[in-house]
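For reference, structure-v4.txt (compact mmCIF, C-alpha atoms and all ligand atoms):
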```txt
# COMPACT_ATOMS: atom_id res chain seq x y z
CA MET A 1 11.68 166.25 69.80
CA GLY A 2 10.72 163.79 72.48
CA ASP A 3 10.83 166.25 75.36
CA ASP A 4 7.44 165.95 77.00
CA THR A 5 7.84 168.85 79.41
CA ARG A 6 7.72 171.83 77.07
CA THR A 7 4.54 173.86 76.90
CA LEU A 8 3.55 177.11 75.21
CA ALA A 9 6.01 179.98 75.45
CA PRO A 10 6.49 181.01 79.11
CA ARG A 11 6.49 184.78 79.58
CA ALA A 12 9.70 185.90 81.27
CA GLY A 13 9.23 187.79 84.51
CA ILE A 14 5.60 186.85 84.89
CA ASP A 15 5.39 183.14 85.36
CA GLY A 16 8.90 182.68 86.69
CA PRO A 17 11.66 180.42 85.48
CA THR A 18 9.84 177.12 85.89
CA SER A 19 6.70 178.12 84.05
CA GLY A 20 7.45 175.87 81.11
CA LEU A 21 7.05 172.79 83.26
CA PRO A 22 3.76 170.97 83.54
CA GLY A 23 1.84 172.22 86.54
CA ALA A 24 4.38 174.95 87.34
CA GLY A 25 2.86 178.17 88.65
CA LEU A 26 -0.34 176.49 89.76
CA PRO A 27 -0.93 175.55 93.36
CA ALA A 28 -0.90 171.81 93.77
CA PRO A 29 -4.43 170.45 93.52
CA VAL A 30 -5.77 169.50 96.90
CA ARG A 31 -7.77 166.37 97.31
CA GLY A 32 -9.47 165.21 100.49
CA PRO A 33 -10.54 167.02 103.64
CA GLY A 34 -7.13 166.98 105.34
CA ALA A 35 -5.69 169.45 102.89
CA ALA A 36 -7.83 172.45 103.79
CA GLY A 37 -6.10 173.05 107.10
CA THR A 38 -4.50 176.50 106.72
CA ALA A 39 -5.76 179.86 105.48
CA ALA A 40 -3.11 179.83 102.78
CA ALA A 41 -4.21 176.41 101.66
CA SER A 42 -7.87 177.39 101.50
CA ALA A 43 -7.02 180.58 99.53
CA ALA A 44 -5.16 178.43 97.07
CA ARG A 45 -8.19 176.15 96.73
CA THR A 46 -10.04 178.79 94.74
CA VAL A 47 -7.67 178.08 91.86
CA ALA A 48 -9.03 175.36 89.68
CA ARG A 49 -8.25 174.17 86.23
CA LEU A 50 -10.51 174.67 83.29
CA LYS A 51 -12.97 171.91 82.48
CA PRO A 52 -10.68 169.15 81.40
CA GLY A 53 -12.35 168.03 78.17
CA LEU A 54 -11.59 164.80 76.44
CA GLU A 55 -7.86 164.52 76.86
CA ARG A 56 -8.11 160.98 75.65
CA HIS A 57 -8.49 162.10 72.01
CA ALA A 58 -4.80 161.34 71.67
CA PRO A 59 -1.93 161.19 74.16
CA TRP A 60 0.48 163.56 72.43
CA VAL A 61 0.29 167.05 71.01
CA TRP A 62 3.09 168.78 69.12
CA VAL A 63 3.80 172.19 70.58
CA ASN A 64 6.42 174.62 69.32
CA GLY A 65 8.69 171.83 68.17
CA ASP A 66 8.29 169.29 70.97
CA PHE A 67 5.86 166.57 71.89
CA VAL A 68 3.88 167.23 75.06
CA ARG A 69 1.49 164.91 76.86
CA THR A 70 -1.94 166.38 76.22
CA GLU A 71 -2.83 166.50 79.90
CA ASP A 72 0.32 168.56 80.60
CA LEU A 73 -0.38 171.32 78.08
CA ARG A 74 -1.32 174.63 79.65
CA VAL A 75 -2.57 177.74 77.92
CA HIS A 76 -2.21 181.16 79.51
CA TYR A 77 -5.50 182.85 80.34
CA PHE A 78 -4.34 186.02 78.57
CA THR A 79 -3.55 184.16 75.38
CA HIS A 80 -4.35 186.75 72.74
CA ALA A 81 -6.11 184.29 70.44
CA LEU A 82 -8.40 183.11 73.22
CA HIS A 83 -9.73 186.64 73.59
CA TYR A 84 -9.75 187.90 70.02
CA GLY A 85 -9.60 184.83 67.76
CA SER A 86 -6.16 185.90 66.51
CA GLY A 87 -5.03 182.58 65.10
CA VAL A 88 -5.02 180.65 61.87
CA PHE A 89 -5.56 176.95 61.46
CA GLU A 90 -6.02 174.01 59.16
CA GLY A 91 -8.14 170.89 59.10
CA ILE A 92 -6.46 167.93 57.47
CA ARG A 93 -7.43 164.27 57.23
CA CYS A 94 -5.47 161.09 57.20
CA TYR A 95 -6.88 157.82 55.92
CA GLU A 96 -6.03 154.17 56.21
CA THR A 97 -4.65 152.87 52.94
CA ALA A 98 -3.59 149.38 51.88
CA SER A 99 -0.12 150.13 53.31
CA SER A 100 0.28 152.74 56.07
CA PRO A 101 -2.09 155.59 56.95
CA ALA A 102 -1.60 158.56 54.64
CA VAL A 103 -2.27 162.27 55.07
CA PHE A 104 -4.20 163.78 52.18
CA ARG A 105 -2.74 166.85 50.45
CA LEU A 106 -0.63 167.69 53.48
CA ARG A 107 1.66 170.11 51.69
CA ASP A 108 -1.29 172.06 50.25
CA HIS A 109 -2.84 172.44 53.70
CA VAL A 110 0.45 173.54 55.21
CA GLU A 111 1.00 176.07 52.43
CA ARG A 112 -2.48 177.46 53.05
CA LEU A 113 -1.72 177.74 56.77
CA LEU A 114 1.48 179.66 56.00
CA ALA A 115 -0.41 181.95 53.62
CA SER A 116 -3.07 182.56 56.30
CA ALA A 117 -0.34 183.42 58.83
CA ARG A 118 1.38 185.77 56.39
CA PHE A 119 -1.87 187.59 55.79
CA TYR A 120 -2.07 188.51 59.46
CA GLY A 121 1.64 189.32 59.70
CA MET A 122 2.18 186.31 61.96
CA ARG A 123 5.75 185.06 61.90
CA LEU A 124 6.02 181.31 62.46
CA ASP A 125 9.15 179.61 63.72
CA PHE A 126 8.61 176.70 61.35
CA GLY A 127 8.62 176.31 57.59
CA ALA A 128 6.52 174.07 55.37
CA ALA A 129 8.91 171.10 55.51
CA ASP A 130 9.11 171.26 59.34
CA LEU A 131 5.33 171.41 59.69
CA CYS A 132 4.74 168.53 57.27
CA ALA A 133 7.24 166.36 59.16
CA ALA A 134 5.70 167.38 62.49
CA ALA A 135 2.17 166.53 61.31
CA LEU A 136 3.26 163.10 60.11
CA GLU A 137 5.10 162.43 63.34
CA THR A 138 2.08 163.53 65.41
CA VAL A 139 -0.13 161.05 63.56
CA ARG A 140 2.46 158.28 63.94
CA ARG A 141 3.12 158.89 67.62
CA ASN A 142 -0.56 158.88 68.49
CA GLY A 143 -1.22 155.71 66.53
CA ILE A 144 -3.99 157.34 64.49
CA GLY A 145 -5.23 155.50 61.40
CA SER A 146 -8.18 157.48 60.07
CA GLY A 147 -8.23 160.83 61.76
CA TYR A 148 -8.21 164.58 61.75
CA ILE A 149 -5.15 166.79 62.11
CA ARG A 150 -5.49 170.29 63.47
CA PRO A 151 -2.48 172.59 63.08
CA LEU A 152 -3.10 175.90 64.85
CA ALA A 153 -0.85 178.96 64.91
CA PHE A 154 -1.89 181.73 67.25
CA TYR A 155 -0.78 184.77 69.17
CA GLY A 156 0.00 183.84 72.74
CA GLU A 157 0.23 185.87 75.91
CA GLY A 158 2.01 189.22 76.01
CA SER A 159 -0.31 192.08 75.20
CA ILE A 160 -3.97 192.92 75.13
CA HIS A 161 -3.45 195.37 72.30
CA LEU A 162 -4.94 194.66 68.91
CA THR A 163 -1.48 194.66 67.36
CA PRO A 164 -0.32 191.29 68.70
CA ALA A 165 2.67 190.96 66.40
CA THR A 166 4.57 193.47 68.54
CA GLY A 167 3.86 192.01 71.99
CA CYS A 168 2.77 188.40 71.70
CA PRO A 169 4.76 185.30 70.84
CA THR A 170 3.49 183.13 68.02
CA GLU A 171 2.53 179.70 69.27
CA MET A 172 2.20 176.67 67.05
CA MET A 173 0.58 173.37 67.84
CA ILE A 174 -0.55 170.29 65.97
CA ALA A 175 -3.23 168.10 67.53
CA VAL A 176 -4.83 164.95 66.17
CA ARG A 177 -7.90 162.91 66.93
CA PRO A 178 -9.68 159.91 65.46
CA PHE A 179 -12.48 161.12 63.22
CA GLY A 180 -15.34 159.60 61.27
CA ALA A 181 -17.86 161.24 58.94
CA TYR A 182 -18.31 164.89 59.98
CA LEU A 183 -21.94 165.03 58.85
CA GLY A 184 -22.59 161.40 59.80
CA ASP A 185 -22.46 158.13 57.89
CA ASP A 186 -26.11 158.52 56.94
CA GLY A 187 -25.40 162.01 55.62
CA LEU A 188 -22.58 160.69 53.42
CA ALA A 189 -24.75 157.88 52.08
CA ASN A 190 -28.15 159.56 51.78
CA GLY A 191 -27.47 163.28 51.91
CA VAL A 192 -28.08 165.97 54.50
CA LYS A 193 -30.71 168.64 55.00
CA VAL A 194 -29.42 172.17 54.59
CA ILE A 195 -30.94 175.59 55.07
CA LEU A 196 -30.15 178.95 53.55
CA SER A 197 -29.01 180.86 56.59
CA SER A 198 -30.44 184.24 57.47
CA TRP A 199 -26.87 185.21 58.37
CA ARG A 200 -24.92 186.58 55.41
CA LYS A 201 -21.32 185.66 54.68
CA PHE A 202 -18.79 188.33 55.60
CA ASP A 203 -17.57 190.19 52.55
CA ARG A 204 -13.89 190.26 51.58
CA SER A 205 -13.94 194.00 52.26
CA MET A 206 -14.47 193.06 55.95
CA LEU A 207 -12.31 189.97 56.51
CA PRO A 208 -10.37 187.84 54.02
CA PRO A 209 -12.53 184.75 53.32
CA THR A 210 -9.59 182.99 51.63
CA VAL A 211 -7.76 183.01 54.98
CA LYS A 212 -8.59 180.33 57.51
CA GLY A 213 -8.64 182.65 60.50
CA CYS A 214 -9.96 181.48 63.86
CA GLY A 215 -12.19 184.50 64.53
CA HIS A 216 -13.74 184.25 61.07
CA TYR A 217 -15.63 181.19 62.25
CA MET A 218 -18.00 183.13 64.50
CA ASN A 219 -19.95 183.81 61.29
CA SER A 220 -20.11 180.08 60.53
CA ILE A 221 -21.05 179.28 64.12
CA LEU A 222 -24.12 181.52 63.95
CA ALA A 223 -25.24 179.89 60.72
CA ALA A 224 -24.57 176.36 62.04
CA GLN A 225 -26.56 177.13 65.18
CA GLU A 226 -29.43 178.34 63.03
CA ALA A 227 -29.28 175.12 60.98
CA GLN A 228 -29.42 173.05 64.13
CA ALA A 229 -32.36 175.05 65.47
CA ARG A 230 -34.19 174.47 62.20
CA GLY A 231 -33.51 170.72 62.18
CA ALA A 232 -30.89 170.77 59.43
CA ALA A 233 -27.33 169.48 59.39
CA GLU A 234 -25.76 172.40 57.56
CA ALA A 235 -26.35 175.97 56.49
CA ILE A 236 -25.44 177.73 53.26
CA LEU A 237 -24.64 181.42 53.59
CA LEU A 238 -25.46 183.98 50.93
CA ASN A 239 -23.47 187.09 50.20
CA ALA A 240 -24.96 190.53 50.80
CA ASP A 241 -25.77 190.71 47.06
CA GLY A 242 -27.83 187.50 47.25
CA THR A 243 -25.36 185.22 45.48
CA VAL A 244 -24.33 181.98 47.19
CA ALA A 245 -21.08 182.03 49.18
CA GLU A 246 -20.54 178.66 50.85
CA ALA A 247 -21.63 176.44 53.73
CA THR A 248 -20.27 176.88 57.25
CA GLY A 249 -17.22 174.73 56.53
CA GLU A 250 -17.80 173.48 52.99
CA ASN A 251 -17.91 174.66 49.40
CA VAL A 252 -21.12 174.20 47.39
CA PHE A 253 -21.46 172.38 44.06
CA PHE A 254 -24.54 171.71 41.96
CA VAL A 255 -25.36 169.97 38.69
CA LYS A 256 -27.42 171.52 35.91
CA ASP A 257 -27.91 169.83 32.53
CA GLY A 258 -25.03 167.46 33.30
CA VAL A 259 -22.63 170.35 34.04
CA LEU A 260 -20.95 170.66 37.42
CA ILE A 261 -21.02 174.23 38.77
CA THR A 262 -19.28 175.88 41.71
CA ASN A 263 -18.18 179.41 42.55
CA ASP A 264 -14.79 180.95 43.39
CA GLU A 265 -13.11 183.65 45.51
CA VAL A 266 -15.25 186.37 43.94
CA SER A 267 -18.13 184.88 45.96
CA ASN A 268 -16.26 185.19 49.30
CA ILE A 269 -15.40 181.52 49.68
CA LEU A 270 -12.49 179.74 51.23
CA PRO A 271 -11.30 177.94 48.09
CA GLY A 272 -11.24 174.44 49.48
CA ILE A 273 -8.61 171.85 48.82
CA THR A 274 -11.45 169.33 48.52
CA ARG A 275 -13.10 171.64 45.96
CA ASP A 276 -9.89 171.63 43.95
CA THR A 277 -9.66 167.83 44.28
CA VAL A 278 -13.25 167.41 43.07
CA LEU A 279 -12.69 169.74 40.11
CA THR A 280 -9.62 167.68 39.18
CA LEU A 281 -11.51 164.40 39.52
CA ALA A 282 -14.37 165.80 37.41
CA ARG A 283 -11.96 166.79 34.68
CA ASP A 284 -10.36 163.34 34.73
CA LEU A 285 -13.81 161.70 34.60
CA GLY A 286 -14.82 163.88 31.64
CA ILE A 287 -17.53 165.70 33.62
CA PRO A 288 -17.87 169.26 32.26
CA ALA A 289 -17.49 171.96 34.92
CA GLN A 290 -18.07 175.70 35.20
CA VAL A 291 -16.72 178.03 37.86
CA ARG A 292 -18.97 181.07 38.30
CA ALA A 293 -21.14 182.93 40.78
CA PHE A 294 -24.67 181.61 41.24
CA ARG A 295 -27.84 182.40 43.12
CA PRO A 296 -29.96 180.20 45.38
CA GLU A 297 -32.68 179.93 42.70
CA GLU A 298 -30.24 177.82 40.69
CA LEU A 299 -29.84 175.51 43.67
CA PHE A 300 -33.62 175.12 43.92
CA ALA A 301 -33.69 174.05 40.27
CA ALA A 302 -30.57 171.86 40.43
CA ALA A 303 -30.59 168.14 39.59
CA GLU A 304 -27.99 167.49 42.32
CA ILE A 305 -26.28 169.49 45.05
CA PHE A 306 -23.35 168.49 47.19
CA LEU A 307 -20.92 169.99 49.69
CA THR A 308 -17.16 169.51 49.80
CA GLY A 309 -14.68 169.96 52.62
CA THR A 310 -11.91 168.09 54.35
CA ALA A 311 -14.22 167.25 57.26
CA ALA A 312 -17.45 166.77 55.27
CA GLU A 313 -15.63 165.08 52.34
CA VAL A 314 -18.20 164.85 49.49
CA THR A 315 -21.64 165.00 51.11
CA PRO A 316 -24.81 165.10 49.01
CA VAL A 317 -27.59 167.55 49.88
CA ALA A 318 -30.94 165.77 50.26
CA ALA A 319 -33.04 168.86 50.92
CA ILE A 320 -32.58 172.62 50.87
CA ASP A 321 -34.96 174.81 52.85
CA GLY A 322 -37.45 171.94 52.88
CA ARG A 323 -37.33 171.32 49.11
CA SER A 324 -36.13 167.79 48.49
CA VAL A 325 -33.26 167.08 46.13
CA PRO A 326 -33.66 163.41 45.24
CA ALA A 327 -30.47 161.40 44.90
CA VAL A 328 -29.55 160.46 41.34
CA ALA A 329 -28.32 156.87 41.16
CA GLY A 330 -25.02 156.85 39.28
CA GLY A 331 -25.21 160.66 39.09
CA VAL A 332 -22.43 163.19 39.20
CA ALA A 333 -22.37 163.48 43.01
CA ALA A 334 -22.20 159.70 43.48
CA ARG A 335 -19.44 159.31 40.90
CA LEU A 336 -17.38 162.10 42.40
CA GLN A 337 -17.88 160.86 45.93
CA GLN A 338 -16.71 157.41 44.93
CA ALA A 339 -13.73 158.81 43.03
CA TYR A 340 -12.86 160.97 46.04
CA PHE A 341 -12.79 158.05 48.46
CA HIS A 342 -10.72 155.99 46.06
CA CYS A 343 -8.28 158.85 45.77
CA VAL A 344 -7.88 159.60 49.51
CA ARG A 345 -7.59 155.91 50.39
CA GLY A 346 -4.79 155.38 47.90
CA ARG A 347 -6.81 153.16 45.55
CA ASP A 348 -6.22 155.32 42.49
CA LEU A 349 -2.54 155.60 41.77
CA ARG A 350 -3.02 158.59 39.48
CA TYR A 351 -3.35 160.66 42.65
CA ALA A 352 -0.58 159.06 44.70
CA ARG A 353 1.20 162.45 44.67
CA TRP A 354 -1.45 163.77 47.07
CA LEU A 355 -0.73 161.19 49.77
CA SER A 356 1.96 161.53 52.45
CA HIS A 357 2.39 158.16 54.06
CA VAL A 358 2.88 158.08 57.81
N1 LIG B 1 -15.13 176.83 53.43
C1 LIG B 1 -14.92 176.97 54.73
C2 LIG B 1 -15.44 178.18 55.43
C3 LIG B 1 -14.21 175.99 55.45
O1 LIG B 1 -14.01 176.12 56.75
C4 LIG B 1 -13.74 174.86 54.77
C5 LIG B 1 -13.00 173.79 55.52
N2 LIG B 1 -11.64 174.08 55.58
C6 LIG B 1 -13.99 174.76 53.39
C7 LIG B 1 -14.68 175.76 52.75
C8 LIG B 1 -13.48 173.59 52.61
O2 LIG B 1 -12.08 173.63 52.57
P1 LIG B 1 -11.21 172.32 52.44
O3 LIG B 1 -11.79 171.54 51.33
O4 LIG B 1 -9.84 172.82 52.13
O5 LIG B 1 -11.29 171.61 53.74
```
Rendering of file as structure tokens:
Amino acid sequence: MGDDTRTLAPRAGIDGPTSGLPGAGLPAPVRGPGAAGTAAASAARTVARLKPGLERHAPWVWVNGDFVRTEDLRVHYFTHALHYGSGVFEGIRCYETASSPAVFRLRDHVERLLASARFYGMRLDFGAADLCAAALETVRRNGIGSGYIRPLAFYGEGSIHLTPATGCPTEMMIAVRPFGAYLGDDGLANGVKVILSSWRKFDRSMLPPTVKGCGHYMNSILAAQEAQARGAAEAILLNADGTVAEATGENVFFVKDGVLITNDEVSNILPGITRDTVLTLARDLGIPAQVRAFRPEELFAAAEIFLTGTAAEVTPVAAIDGRSVPAVAGGVAARLQQAYFHCVRGRDLRYARWLSHV
């Protein structure tokens, strides 16, 4: 590690021997009028880089085993995953604690990433221990306290066929960025408006919902766009049979007669690590819970509804399809949200096993 010149796998015979170096293979950018003197120079001027984005999220990204300066990372335009969504990823958080920042349930996220990769026959060059160490080092090197960690494994450049395992290298990167409340501080405190999307959740006979596959998220994107168009923060998707699946990036919980209820894989969900954490916290708080399929009518009648996810944490739902869901002071959602934040910030030593200190 520590070599800042390595980028994604160069393709032998196409990019040439120096293609792994930052800027290699691209004409030098030309600035100022003096540079456009020759025909060759002006032909080269048609080559531009992609819109640069916010490279200042963090200075370093981990790529295939090395640290690269973010502004030096190049991605081939025929990267398989860019065209077909053939990648798998994770979303992980780290939090400030009384000592050092700590990554929450790192090993569980990494294991899920490896399971997602296996599902698509994607062979990674790194095992769970390597990826955990790399994630911690990426957080440390970028000086992130509270932030988001995005490991991404994807098929790179090599073939346009829909069998990438034979022609494309597997690329692996880990990026980090500072990150606050995904659905806003107000959403965490007072709840968010959600809609029931008119888009249905893909069934497990079509794509595996338990796998965190890049292309799977086009379904979530449509539902999220619909939520935004209808003035809501989130959308809940139903299955084709009318039962509730999940939100675009969160699992759904509700409370009925003091019992906490959520669904499972049978309802085409990604079984969230936050969902598992909340079910554990509920058990330890003596809150009774049921795991079963449910329909939207039960949400309309619920005393409380909340969403769980690494990004959204534990976010109450304040309204669903325009029906308000008043907050319950000292209710189940509030107790679980508080317990969750204590847990992730290292204030409850019963859950110290879930923290990997940076
Ligand atoms: N469902 C979907 C579709 C998601 O993208 C996520 C976020 N990873 C979740 C549920 C919640 O999973 P987790 O709690 O592991 O972040």
List as a PyMOL selection string the residues having at least one atom at most 9 Å from position (3.3, 166.2, 50.5) as given in the file, counting all atoms listed in the file. chain A and resi 103-108+129+132+353-357
Could you list the protein, DNA and RNA residues that have any atom within 7 Å of ligand LIG 1 (chain B), counting only C-alpha atoms and all ligand atoms, and write them as a list in words?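 Final answer, ordered by chain and number: Glu90, Gly91, Lys212, Glu246, Ala247, Thr248, Gly249, Glu250, Asn251, Ile269, Leu270, Pro271, Gly272, Ile273, Thr274, Arg275, Thr308, Gly309, Thr310 and Ala311 of chain A.
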Which residues are close to Met172 in chain A, i.e. within 7 Å by only C-alpha atoms, leaving aside same-chain residues fewer than 5 positions away? Reply as number ranges by chain. A: 63-64, 152-154
CA of Cys343 in chain A sits from CA of Gly191 in chain A at a separation of 20.6 Å
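Computed from the coordinates, the CA of Thr138 in chain A to CA of His76 in chain A distance equals 23.0 Å.
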Atom pair CA of Ile144 in chain A + CA of Leu307 in chain A, distance 25.8 Å
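Of the residues listed (A:Pro59, A:Gly184, A:Pro178, A:Pro101), A:Gly184 shows the shortest atom-to-atom separation from Pro316 in chain A; distances use all atoms listed in the file.
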For the point (-29.2, 169.7, 38.0) in the file's frame, write as a list in words all residues with an atom no more than 7 Å away, counting only C-alpha atoms. Phe254, Val255, Lys256, Asp257, Gly258, Ala301, Ala302, Ala303 and Glu304 of chain A
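Nearest-residue note for Gln225 in chain A: choosing from A:Ala327, A:Ile195, A:Ile92, A:Ile261, the minimum distance belongs to A:Ile195, counting all atoms listed in the file.
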N, CA and C atoms are what I want for range 296-325 of chain A; can you complete it accordingly and write them as a PDB file, in the coordinates of the input?
```pdb
ATOM      1  N   PRO A 296     -29.267 181.346  44.791  1.00  0.00           N
ATOM      2  CA  PRO A 296     -29.960 180.200  45.380  1.00  0.00           C
ATOM      3  C   PRO A 296     -31.043 179.623  44.475  1.00  0.00           C
ATOM      4  N   GLU A 297     -31.638 180.454  43.606  1.00  0.00           N
ATOM      5  CA  GLU A 297     -32.680 179.930  42.700  1.00  0.00           C
ATOM      6  C   GLU A 297     -32.110 178.797  41.847  1.00  0.00           C
ATOM      7  N   GLU A 298     -30.830 178.897  41.499  1.00  0.00           N
ATOM      8  CA  GLU A 298     -30.240 177.820  40.690  1.00  0.00           C
ATOM      9  C   GLU A 298     -30.093 176.544  41.524  1.00  0.00           C
ATOM     10  N   LEU A 299     -29.906 176.714  42.812  1.00  0.00           N
ATOM     11  CA  LEU A 299     -29.840 175.510  43.670  1.00  0.00           C
ATOM     12  C   LEU A 299     -31.224 174.857  43.734  1.00  0.00           C
ATOM     13  N   PHE A 300     -32.268 175.691  43.832  1.00  0.00           N
ATOM     14  CA  PHE A 300     -33.620 175.120  43.920  1.00  0.00           C
ATOM     15  C   PHE A 300     -33.965 174.331  42.653  1.00  0.00           C
ATOM     16  N   ALA A 301     -33.378 174.720  41.531  1.00  0.00           N
ATOM     17  CA  ALA A 301     -33.690 174.050  40.270  1.00  0.00           C
ATOM     18  C   ALA A 301     -32.678 172.957  39.917  1.00  0.00           C
ATOM     19  N   ALA A 302     -31.675 172.765  40.784  1.00  0.00           N
ATOM     20  CA  ALA A 302     -30.570 171.860  40.430  1.00  0.00           C
ATOM     21  C   ALA A 302     -30.997 170.397  40.450  1.00  0.00           C
ATOM     22  N   ALA A 303     -30.351 169.590  39.590  1.00  0.00           N
ATOM     23  CA  ALA A 303     -30.590 168.140  39.590  1.00  0.00           C
ATOM     24  C   ALA A 303     -29.919 167.505  40.802  1.00  0.00           C
ATOM     25  N   GLU A 304     -28.748 168.027  41.179  1.00  0.00           N
ATOM     26  CA  GLU A 304     -27.990 167.490  42.320  1.00  0.00           C
ATOM     27  C   GLU A 304     -27.267 168.655  42.988  1.00  0.00           C
ATOM     28  N   ILE A 305     -27.079 168.511  44.299  1.00  0.00           N
ATOM     29  CA  ILE A 305     -26.280 169.490  45.050  1.00  0.00           C
ATOM     30  C   ILE A 305     -25.387 168.689  45.989  1.00  0.00           C
ATOM     31  N   PHE A 306     -24.168 169.114  46.146  1.00  0.00           N
ATOM     32  CA  PHE A 306     -23.350 168.490  47.190  1.00  0.00           C
ATOM     33  C   PHE A 306     -22.363 169.486  47.775  1.00  0.00           C
ATOM     34  N   LEU A 307     -21.852 169.142  48.946  1.00  0.00           N
ATOM     35  CA  LEU A 307     -20.920 169.990  49.690  1.00  0.00           C
ATOM     36  C   LEU A 307     -19.563 169.301  49.723  1.00  0.00           C
ATOM     37  N   THR A 308     -18.496 170.102  49.702  1.00  0.00           N
ATOM     38  CA  THR A 308     -17.160 169.510  49.800  1.00  0.00           C
ATOM     39  C   THR A 308     -16.340 170.196  50.881  1.00  0.00           C
ATOM     40  N   GLY A 309     -15.592 169.416  51.614  1.00  0.00           N
ATOM     41  CA  GLY A 309     -14.680 169.960  52.620  1.00  0.00           C
ATOM     42  C   GLY A 309     -13.867 168.808  53.190  1.00  0.00           C
ATOM     43  N   THR A 310     -12.745 169.142  53.772  1.00  0.00           N
ATOM     44  CA  THR A 310     -11.910 168.090  54.350  1.00  0.00           C
ATOM     45  C   THR A 310     -12.714 167.273  55.362  1.00  0.00           C
ATOM     46  N   ALA A 311     -13.448 167.970  56.243  1.00  0.00           N
ATOM     47  CA  ALA A 311     -14.220 167.250  57.260  1.00  0.00           C
ATOM     48  C   ALA A 311     -15.431 166.566  56.639  1.00  0.00           C
ATOM     49  N   ALA A 312     -16.195 167.302  55.824  1.00  0.00           N
ATOM     50  CA  ALA A 312     -17.450 166.770  55.270  1.00  0.00           C
ATOM     51  C   ALA A 312     -17.220 165.885  54.037  1.00  0.00           C
ATOM     52  N   GLU A 313     -15.997 165.876  53.527  1.00  0.00           N
ATOM     53  CA  GLU A 313     -15.630 165.080  52.340  1.00  0.00           C
ATOM     54  C   GLU A 313     -16.552 165.468  51.178  1.00  0.00           C
ATOM     55  N   VAL A 314     -17.252 164.508  50.569  1.00  0.00           N
ATOM     56  CA  VAL A 314     -18.200 164.850  49.490  1.00  0.00           C
ATOM     57  C   VAL A 314     -19.568 164.392  49.980  1.00  0.00           C
ATOM     58  N   THR A 315     -20.352 165.344  50.492  1.00  0.00           N
ATOM     59  CA  THR A 315     -21.640 165.000  51.110  1.00  0.00           C
ATOM     60  C   THR A 315     -22.791 165.531  50.256  1.00  0.00           C
ATOM     61  N   PRO A 316     -23.665 164.632  49.801  1.00  0.00           N
ATOM     62  CA  PRO A 316     -24.810 165.100  49.010  1.00  0.00           C
ATOM     63  C   PRO A 316     -25.792 165.903  49.856  1.00  0.00           C
ATOM     64  N   VAL A 317     -26.506 166.809  49.215  1.00  0.00           N
ATOM     65  CA  VAL A 317     -27.590 167.550  49.880  1.00  0.00           C
ATOM     66  C   VAL A 317     -28.904 166.873  49.488  1.00  0.00           C
ATOM     67  N   ALA A 318     -29.673 166.467  50.509  1.00  0.00           N
ATOM     68  CA  ALA A 318     -30.940 165.770  50.260  1.00  0.00           C
ATOM     69  C   ALA A 318     -32.116 166.732  50.229  1.00  0.00           C
ATOM     70  N   ALA A 319     -31.952 167.872  50.911  1.00  0.00           N
ATOM     71  CA  ALA A 319     -33.040 168.860  50.920  1.00  0.00           C
ATOM     72  C   ALA A 319     -32.446 170.218  51.233  1.00  0.00           C
ATOM     73  N   ILE A 320     -33.030 171.245  50.601  1.00  0.00           N
ATOM     74  CA  ILE A 320     -32.580 172.620  50.870  1.00  0.00           C
ATOM     75  C   ILE A 320     -33.811 173.456  51.192  1.00  0.00           C
ATOM     76  N   ASP A 321     -33.809 174.036  52.372  1.00  0.00           N
ATOM     77  CA  ASP A 321     -34.960 174.810  52.850  1.00  0.00           C
ATOM     78  C   ASP A 321     -36.270 174.041  52.652  1.00  0.00           C
ATOM     79  N   GLY A 322     -36.232 172.751  52.947  1.00  0.00           N
ATOM     80  CA  GLY A 322     -37.450 171.940  52.880  1.00  0.00           C
ATOM     81  C   GLY A 322     -37.791 171.403  51.496  1.00  0.00           C
ATOM     82  N   ARG A 323     -37.072 171.864  50.458  1.00  0.00           N
ATOM     83  CA  ARG A 323     -37.330 171.320  49.110  1.00  0.00           C
ATOM     84  C   ARG A 323     -36.432 170.110  48.930  1.00  0.00           C
ATOM     85  N   SER A 324     -36.986 168.966  48.570  1.00  0.00           N
ATOM     86  CA  SER A 324     -36.130 167.790  48.490  1.00  0.00           C
ATOM     87  C   SER A 324     -35.336 167.785  47.179  1.00  0.00           C
ATOM     88  N   VAL A 325     -34.154 167.226  47.284  1.00  0.00           N
ATOM     89  CA  VAL A 325     -33.260 167.080  46.130  1.00  0.00           C
ATOM     90  C   VAL A 325     -32.986 165.587  46.014  1.00  0.00           C
TER      91      VAL A 325
END
```
